[in-house]
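Undergrad: Can you read through this structure? Questions will come right after.
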Amino acid sequence: MKKHTKLKTFSKILLAGVLLSSASPFSVNHAHAKTDISNSYGVKKIAGYSMGLTNEDGGVAEIVKYNSANQKFYAINGHGQTIDIVSLKNLTSADTVQELQLEKSINIADGVNSETFTYGDLTSIDINSSRDIIVAAVQDADYTKNGKIVVMNPEGSIQKTFDAGVQPDMVKITSNGKYILSANEGEPRGGLHTEDPEGSITIVEVKSGKVTHLTFDDTSVIDDDVHIRKNGTKADASKDFEPEYIAISKNGNIAYVTLQENNAIATIDIQKGKVLSVKSLGYKDHSMAGNELDAARNDEINIERLPILGSYMPDGIAHVTIRGVDYLITANEGDATEWPEDDSDFINVADFEKVKDKITLDTSLFKGMTAEEAQTTFESMKNSKAYNKLEVLTDRGNDAIYTLGGRSFSIWKADTMELVYDSGSDFEKITAEHFPETFNWSNDDDKFEKRSAKKGPEPEDVKVGVLGNQVYVFVGLERIGGVMTFNITDPQNSQFTNYLNTRDFSQAIAGDVAPEGLEFIAHNESPTGNPLVLVGNEVSGTVSVNEIQVKHEKHGKNHHVNNR
């Protein structure tokens, strides 16, 4: 392991003279992190499954879903082009980590290839245990052609297929089993000078087999502040939007879809097959106390307030109802546009060094600094080589430094997209405190602080779980690894409770690396009797099984909470 003697963790973390464990001086939307990552219930890894392959580019063990009816999980093996089935029936709360074995692999390609369809990629799965079905999203090898929604029984036998839109990237079943939805990205993988497919939502009415394809051609439901790339207008939205991830409301009537590159969320009426709204999430003010970040590449931990606006750009999203109020939880990853990857004709990201002289800072955009302080800090950044490699969005304007992702998770009111809570700088502060020598590592090498000038820990997926009458959110950090847990029972005053990282930092790729998909298993569906969190780690090609150790008598019915 590398040693770094120039760490300045506490010189920057002790902002305003406040330790991480002390009372928060921050806004009502931010509760400060606690330093002790042990907690009242405890979380530990009790089992693991390996697909036998690692890949620094990811795509090995991606999405993982649990079938409570047969106590097995189903994990996408992106490189093997299969769904791996692994049983948890004999899982126990042992002190040693149990090695799980493959029971069966479902070869999706063999089942979908035909004269009119060629398997390209397996991207997502979902399970409805009560209806005894598994669904998968499959893309065509031709990125401009429609994909498939594949319906299977628990053994992997294909029952039906439905046409999806172009490049289905996420599939979701409503809890009542009436509808299957897919988010179809429609990325211009050949570059914007070639065909740019429409992003869309596919809705399948299971009983009748009716298929509805929704596009974003109704400009009246798109708010004026929603960002359309390449200086586009709302008329370009149908091709510019790339639906990423879906959450569904408690009653199964409304779907919420992240439009990551556009920093927006679309609301869909499932029964009517209609887009109700597309709302922008705005920007995160990193000049505010509590929203600090490490944006410098200088071989130091340097978490500070800066005149930077972060574009949330969420990937994973979850829905939860708490005391009758609907909320959305987002993992604010960030994503640049670079198609095609080898020779892009449109890139909306550049190093700060290349664009800093084009920026004329509008100091009124920053609420955490005086105009003089913001301008002085900006000039200091321009004159320091430490910020040269900071990734900056180039299509948001020249009035500020716009960066990718929020390095956080957020809670929003589902009906208005009003920000209720953001975890601020907690992810970087917590990882800096507990893993100072591997701070902001990436998931493909062992370079200290490599991700500081990019997207930091890079939150990827988010799931909600209930323990007794308390509501928790679990967030996977794709780069440094591990899962953050927060208690969100009181959404405006959410509290950090645990961080578990089962990566082996003795080498670049070892242990569990790059969480991609999470799955929460409630105590009454768990083979151990305790709640579990499954993590699909796409670079290490592993699935980790983490147990939340609580006393059974603490569990009870909870009538005011629903998560989906």
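Residue names in the structure tokens use chain letters A, B, ... in the order shown, residue numbers from 1 in each chain, and ligand numbers from 1 in the order shown.
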Could you pull the residues within 12 Å of Ser87 of chain A, counting only C-alpha atoms, minus those fewer than 3 positions along the same chain, as a PyMOL selection string?

TA: chain A and resi 47-49+65-75+84+90-91+99-104+526-527+545

Undergrad: Those selected residues, please, written with N, CA and C atoms and delivered as a PDB file, in the first residue's frame.

TA:
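Generated file (out02.pdb):
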```
ATOM      1  N   ALA A  47     -21.233 -13.289   3.414  1.00  0.00           N
ATOM      2  CA  ALA A  47     -21.081 -14.216   2.290  1.00  0.00           C
ATOM      3  C   ALA A  47     -20.700 -13.457   1.035  1.00  0.00           C
ATOM      4  N   GLY A  48     -20.161 -14.205   0.083  1.00  0.00           N
ATOM      5  CA  GLY A  48     -19.778 -13.599  -1.189  1.00  0.00           C
ATOM      6  C   GLY A  48     -19.830 -14.606  -2.322  1.00  0.00           C
ATOM      7  N   TYR A  49     -20.058 -14.087  -3.515  1.00  0.00           N
ATOM      8  CA  TYR A  49     -20.072 -14.913  -4.718  1.00  0.00           C
ATOM      9  C   TYR A  49     -19.177 -14.263  -5.755  1.00  0.00           C
ATOM     10  N   LYS A  65     -30.731  -9.077  -8.104  1.00  0.00           N
ATOM     11  CA  LYS A  65     -32.086  -9.062  -7.572  1.00  0.00           C
ATOM     12  C   LYS A  65     -32.356 -10.357  -6.800  1.00  0.00           C
ATOM     13  N   TYR A  66     -33.209 -10.262  -5.788  1.00  0.00           N
ATOM     14  CA  TYR A  66     -33.506 -11.395  -4.911  1.00  0.00           C
ATOM     15  C   TYR A  66     -34.934 -11.863  -5.127  1.00  0.00           C
ATOM     16  N   ASN A  67     -35.110 -13.182  -5.172  1.00  0.00           N
ATOM     17  CA  ASN A  67     -36.422 -13.801  -5.282  1.00  0.00           C
ATOM     18  C   ASN A  67     -36.763 -14.422  -3.935  1.00  0.00           C
ATOM     19  N   SER A  68     -37.653 -13.787  -3.192  1.00  0.00           N
ATOM     20  CA  SER A  68     -37.982 -14.279  -1.843  1.00  0.00           C
ATOM     21  C   SER A  68     -38.717 -15.614  -1.887  1.00  0.00           C
ATOM     22  N   ALA A  69     -39.343 -15.925  -3.018  1.00  0.00           N
ATOM     23  CA  ALA A  69     -40.104 -17.168  -3.122  1.00  0.00           C
ATOM     24  C   ALA A  69     -39.202 -18.401  -3.078  1.00  0.00           C
ATOM     25  N   ASN A  70     -37.998 -18.283  -3.659  1.00  0.00           N
ATOM     26  CA  ASN A  70     -37.084 -19.432  -3.634  1.00  0.00           C
ATOM     27  C   ASN A  70     -35.761 -19.137  -2.940  1.00  0.00           C
ATOM     28  N   GLN A  71     -35.644 -17.958  -2.338  1.00  0.00           N
ATOM     29  CA  GLN A  71     -34.455 -17.534  -1.596  1.00  0.00           C
ATOM     30  C   GLN A  71     -33.176 -17.636  -2.436  1.00  0.00           C
ATOM     31  N   LYS A  72     -33.284 -17.167  -3.679  1.00  0.00           N
ATOM     32  CA  LYS A  72     -32.132 -17.146  -4.572  1.00  0.00           C
ATOM     33  C   LYS A  72     -31.950 -15.729  -5.114  1.00  0.00           C
ATOM     34  N   PHE A  73     -30.694 -15.356  -5.389  1.00  0.00           N
ATOM     35  CA  PHE A  73     -30.495 -14.093  -6.087  1.00  0.00           C
ATOM     36  C   PHE A  73     -30.067 -14.348  -7.529  1.00  0.00           C
ATOM     37  N   TYR A  74     -30.383 -13.368  -8.361  1.00  0.00           N
ATOM     38  CA  TYR A  74     -30.122 -13.431  -9.794  1.00  0.00           C
ATOM     39  C   TYR A  74     -29.236 -12.239 -10.136  1.00  0.00           C
ATOM     40  N   ALA A  75     -28.068 -12.502 -10.672  1.00  0.00           N
ATOM     41  CA  ALA A  75     -27.099 -11.434 -10.928  1.00  0.00           C
ATOM     42  C   ALA A  75     -26.693 -11.430 -12.394  1.00  0.00           C
ATOM     43  N   ASP A  84     -26.724 -15.196 -13.579  1.00  0.00           N
ATOM     44  CA  ASP A  84     -26.271 -16.240 -12.661  1.00  0.00           C
ATOM     45  C   ASP A  84     -27.265 -16.367 -11.505  1.00  0.00           C
ATOM     46  N   ASN A  90     -29.199 -21.810   2.505  1.00  0.00           N
ATOM     47  CA  ASN A  90     -28.416 -22.318   3.629  1.00  0.00           C
ATOM     48  C   ASN A  90     -27.557 -21.251   4.284  1.00  0.00           C
ATOM     49  N   LEU A  91     -27.818 -20.003   3.968  1.00  0.00           N
ATOM     50  CA  LEU A  91     -27.030 -18.898   4.516  1.00  0.00           C
ATOM     51  C   LEU A  91     -27.302 -18.747   6.009  1.00  0.00           C
ATOM     52  N   GLU A  99     -18.559 -18.747   1.165  1.00  0.00           N
ATOM     53  CA  GLU A  99     -18.381 -18.685  -0.277  1.00  0.00           C
ATOM     54  C   GLU A  99     -19.584 -19.333  -0.959  1.00  0.00           C
ATOM     55  N   LEU A 100     -20.314 -18.541  -1.704  1.00  0.00           N
ATOM     56  CA  LEU A 100     -21.514 -19.025  -2.377  1.00  0.00           C
ATOM     57  C   LEU A 100     -21.164 -19.611  -3.742  1.00  0.00           C
ATOM     58  N   GLN A 101     -21.961 -20.567  -4.171  1.00  0.00           N
ATOM     59  CA  GLN A 101     -21.675 -21.272  -5.415  1.00  0.00           C
ATOM     60  C   GLN A 101     -22.779 -21.043  -6.455  1.00  0.00           C
ATOM     61  N   LEU A 102     -22.362 -21.019  -7.698  1.00  0.00           N
ATOM     62  CA  LEU A 102     -23.294 -20.886  -8.807  1.00  0.00           C
ATOM     63  C   LEU A 102     -24.203 -22.110  -8.882  1.00  0.00           C
ATOM     64  N   GLU A 103     -25.503 -21.856  -8.965  1.00  0.00           N
ATOM     65  CA  GLU A 103     -26.450 -22.953  -9.130  1.00  0.00           C
ATOM     66  C   GLU A 103     -26.777 -23.186 -10.601  1.00  0.00           C
ATOM     67  N   LYS A 104     -26.961 -22.066 -11.336  1.00  0.00           N
ATOM     68  CA  LYS A 104     -27.348 -22.184 -12.731  1.00  0.00           C
ATOM     69  C   LYS A 104     -27.124 -20.859 -13.430  1.00  0.00           C
ATOM     70  N   SER A 526     -35.542 -12.835   4.567  1.00  0.00           N
ATOM     71  CA  SER A 526     -34.129 -13.207   4.612  1.00  0.00           C
ATOM     72  C   SER A 526     -33.941 -14.603   5.198  1.00  0.00           C
ATOM     73  N   PRO A 527     -33.054 -15.402   4.642  1.00  0.00           N
ATOM     74  CA  PRO A 527     -32.805 -16.746   5.186  1.00  0.00           C
ATOM     75  C   PRO A 527     -32.168 -16.713   6.569  1.00  0.00           C
ATOM     76  N   VAL A 545     -22.733 -10.209   0.218  1.00  0.00           N
ATOM     77  CA  VAL A 545     -23.950 -10.322   1.020  1.00  0.00           C
ATOM     78  C   VAL A 545     -23.642  -9.750   2.397  1.00  0.00           C
TER      79      VAL A 545
END
```

Undergrad: Determine, counting only C-alpha atoms, which protein, DNA and RNA residues have an atom within 7 Å of an atom of Ile317 of chain A; residues of the same chain fewer than 3 positions away are not included. Present the result as a list in words.

TA: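 Once the nearby chain positions are removed, what remains is Tyr245, Ile246, Ala247, Leu328, Ile329, Thr330, Ala331 and Val462 of chain A.
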
Undergrad: Could you write out the selected residues, including N, CA and C atoms, as a PDB file, in the first residue's frame?

TA:
```pdb
ATOM      1  N   TYR A 245     -32.935   5.438 -15.186  1.00  0.00           N
ATOM      2  CA  TYR A 245     -33.330   4.588 -14.055  1.00  0.00           C
ATOM      3  C   TYR A 245     -34.768   4.916 -13.674  1.00  0.00           C
ATOM      4  N   ILE A 246     -35.501   3.930 -13.153  1.00  0.00           N
ATOM      5  CA  ILE A 246     -36.922   4.090 -12.859  1.00  0.00           C
ATOM      6  C   ILE A 246     -37.201   3.777 -11.390  1.00  0.00           C
ATOM      7  N   ALA A 247     -38.036   4.601 -10.755  1.00  0.00           N
ATOM      8  CA  ALA A 247     -38.637   4.296  -9.462  1.00  0.00           C
ATOM      9  C   ALA A 247     -40.144   4.390  -9.626  1.00  0.00           C
ATOM     10  N   LEU A 328     -38.417  11.112  -3.313  1.00  0.00           N
ATOM     11  CA  LEU A 328     -37.486  10.426  -4.204  1.00  0.00           C
ATOM     12  C   LEU A 328     -36.089  10.552  -3.634  1.00  0.00           C
ATOM     13  N   ILE A 329     -35.336   9.447  -3.688  1.00  0.00           N
ATOM     14  CA  ILE A 329     -33.946   9.431  -3.226  1.00  0.00           C
ATOM     15  C   ILE A 329     -33.067   9.216  -4.450  1.00  0.00           C
ATOM     16  N   THR A 330     -32.085  10.071  -4.640  1.00  0.00           N
ATOM     17  CA  THR A 330     -31.220   9.941  -5.821  1.00  0.00           C
ATOM     18  C   THR A 330     -29.755   9.770  -5.429  1.00  0.00           C
ATOM     19  N   ALA A 331     -29.054   8.953  -6.198  1.00  0.00           N
ATOM     20  CA  ALA A 331     -27.596   8.813  -6.083  1.00  0.00           C
ATOM     21  C   ALA A 331     -26.984   9.711  -7.146  1.00  0.00           C
ATOM     22  N   VAL A 462     -28.961   3.449  -5.221  1.00  0.00           N
ATOM     23  CA  VAL A 462     -29.552   3.733  -3.914  1.00  0.00           C
ATOM     24  C   VAL A 462     -30.755   2.818  -3.711  1.00  0.00           C
TER      25      VAL A 462
END
```

Undergrad: If we count only C-alpha atoms and set the cut-off at 9 Å, which residues sit around Glu244 of chain A, ignoring sequence neighbours fewer than 2 positions away in its own chain? Please answer as an mmCIF file with C-alpha atoms, in the first residue's frame.

TA:
```
data_model
loop_
_atom_site.group_PDB
_atom_site.id
_atom_site.type_symbol
_atom_site.label_atom_id
_atom_site.label_comp_id
_atom_site.auth_asym_id
_atom_site.auth_seq_id
_atom_site.Cartn_x
_atom_site.Cartn_y
_atom_site.Cartn_z
ATOM 1 C CA PRO A 168 -33.317 -0.514 -22.814
ATOM 2 C CA ASP A 169 -31.063 0.143 -19.834
ATOM 3 C CA MET A 170 -33.325 -0.497 -16.864
ATOM 4 C CA ALA A 183 -36.053 3.041 -19.562
ATOM 5 C CA ASN A 184 -34.614 3.164 -23.078
ATOM 6 C CA GLU A 185 -31.506 5.350 -23.311
ATOM 7 C CA GLU A 242 -31.579 9.409 -22.285
ATOM 8 C CA ILE A 246 -36.922 4.090 -12.859
ATOM 9 C CA VAL A 257 -37.305 8.408 -14.429
ATOM 10 C CA THR A 258 -33.843 9.930 -14.115
ATOM 11 C CA LEU A 259 -32.593 11.810 -17.165
ATOM 12 C CA GLN A 260 -29.021 11.834 -15.967
ATOM 13 C CA PRO A 314 -28.493 11.228 -10.668
ATOM 14 C CA ASP A 315 -28.195 7.626 -11.771
ATOM 15 C CA GLY A 316 -30.031 5.375 -9.293
#
```

Undergrad: Excluding segment 192-196 of chain A and residues on its chain fewer than 5 positions from it, collect all residues at most 8 Å away from it, counting only C-alpha atoms, and give them as a list in words.

TA: Thr144, Gly186, Glu187, Lys239, Trp339, Asp345 and Phe346 of chain A

Undergrad: Go ahead and write the selection's residues with N, CA and C atoms as a JSON list (two decimals), in the first residue's frame.

TA:
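Written file, out-v1.json:
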```
[["chain", "number", "residue", "atom", "x", "y", "z"],
["A", 144, "THR", "N", -29.05, 1.26, -32.95],
["A", 144, "THR", "CA", -30.18, 2.06, -33.43],
["A", 144, "THR", "C", -31.49, 1.28, -33.45],
["A", 186, "GLY", "N", -31.32, 5.24, -25.71],
["A", 186, "GLY", "CA", -31.22, 5.83, -27.05],
["A", 186, "GLY", "C", -30.00, 6.72, -27.22],
["A", 187, "GLU", "N", -28.84, 6.23, -26.80],
["A", 187, "GLU", "CA", -27.61, 7.02, -26.92],
["A", 187, "GLU", "C", -27.12, 7.08, -28.37],
["A", 239, "LYS", "N", -34.81, 13.38, -28.64],
["A", 239, "LYS", "CA", -33.57, 12.67, -28.93],
["A", 239, "LYS", "C", -32.49, 12.91, -27.88],
["A", 339, "TRP", "N", -19.69, 10.78, -27.18],
["A", 339, "TRP", "CA", -19.99, 9.80, -28.22],
["A", 339, "TRP", "C", -19.44, 10.27, -29.56],
["A", 345, "ASP", "N", -17.52, 13.55, -31.66],
["A", 345, "ASP", "CA", -17.81, 14.80, -32.34],
["A", 345, "ASP", "C", -18.56, 15.75, -31.42],
["A", 346, "PHE", "N", -18.87, 15.29, -30.21],
["A", 346, "PHE", "CA", -19.45, 16.17, -29.21],
["A", 346, "PHE", "C", -19.04, 15.72, -27.82]]
```

Undergrad: Return as an MDAnalysis selection string the full set of residues in segment 97-299 of chain A whose backbone-based DSSP assignment is strand (DSSP E).

TA: chainID A and resid 98:99 102:107 119:128 133:140 146:152 158:166 168:173 179:184 200:205 210:214 245:248 254:259 264:269 274:280 283:285

Undergrad: Using only C-alpha atoms, which residues sit within 8 Å of segment 389-396 of chain A once same-chain residues fewer than 6 positions away are excluded, as a ChimeraX atom specification?

TA: /A:227,229-231,295-297,336,348-353,355,402-404,452-454

Undergrad: I need the residues from that last selection saved to file as a compact mmCIF listing (two decimals), in the first residue's frame (with N, CA and C atoms), if you can.

TA:
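again36.txt, freshly written:
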```txt
# COMPACT_ATOMS: atom_id res chain seq x y z
N HIS A 227 -32.04 21.30 -18.89
CA HIS A 227 -30.92 21.47 -19.81
C HIS A 227 -31.01 20.52 -21.00
N ARG A 229 -28.71 19.43 -24.18
CA ARG A 229 -27.29 19.55 -24.53
C ARG A 229 -27.07 20.18 -25.91
N LYS A 230 -25.84 20.59 -26.11
CA LYS A 230 -25.41 21.19 -27.38
C LYS A 230 -26.29 22.39 -27.74
N ASN A 231 -26.62 23.17 -26.70
CA ASN A 231 -27.41 24.40 -26.89
C ASN A 231 -28.73 24.13 -27.58
N ALA A 295 -11.62 19.17 -4.94
CA ALA A 295 -11.60 19.35 -6.39
C ALA A 295 -10.19 19.46 -6.94
N ALA A 296 -9.19 19.35 -6.07
CA ALA A 296 -7.80 19.54 -6.48
C ALA A 296 -7.08 18.21 -6.62
N ARG A 297 -6.19 18.13 -7.57
CA ARG A 297 -5.32 16.96 -7.73
C ARG A 297 -3.93 17.38 -7.30
N ALA A 336 -20.73 12.50 -18.19
CA ALA A 336 -20.38 13.35 -19.32
C ALA A 336 -20.92 12.74 -20.61
N ASN A 348 -18.95 17.28 -23.87
CA ASN A 348 -19.38 18.42 -23.06
C ASN A 348 -18.62 18.52 -21.75
N VAL A 349 -17.39 18.03 -21.74
CA VAL A 349 -16.56 18.10 -20.54
C VAL A 349 -15.12 18.40 -20.95
N ALA A 350 -14.43 19.20 -20.14
CA ALA A 350 -13.03 19.54 -20.41
C ALA A 350 -12.33 19.83 -19.09
N ASP A 351 -11.01 19.75 -19.09
CA ASP A 351 -10.25 20.11 -17.90
C ASP A 351 -10.37 21.61 -17.64
N PHE A 352 -10.41 21.97 -16.38
CA PHE A 352 -10.52 23.37 -15.97
C PHE A 352 -9.42 24.22 -16.60
N GLU A 353 -8.24 23.64 -16.73
CA GLU A 353 -7.09 24.35 -17.31
C GLU A 353 -7.42 24.89 -18.71
N VAL A 355 -10.45 25.70 -19.95
CA VAL A 355 -11.62 26.58 -20.09
C VAL A 355 -11.63 27.73 -19.08
N TYR A 402 -19.00 24.58 -13.61
CA TYR A 402 -20.02 23.55 -13.46
C TYR A 402 -19.34 22.18 -13.48
N THR A 403 -19.60 21.36 -12.47
CA THR A 403 -18.98 20.04 -12.41
C THR A 403 -20.03 18.94 -12.45
N LEU A 404 -19.56 17.71 -12.64
CA LEU A 404 -20.43 16.56 -12.82
C LEU A 404 -20.72 15.88 -11.48
N SER A 452 -10.46 12.98 -7.16
CA SER A 452 -10.81 14.29 -6.62
C SER A 452 -11.16 15.29 -7.70
N ALA A 453 -10.44 15.28 -8.79
CA ALA A 453 -10.68 16.22 -9.89
C ALA A 453 -11.77 15.73 -10.83
N LYS A 454 -12.38 14.60 -10.52
CA LYS A 454 -13.45 14.07 -11.37
C LYS A 454 -14.77 14.09 -10.60
```
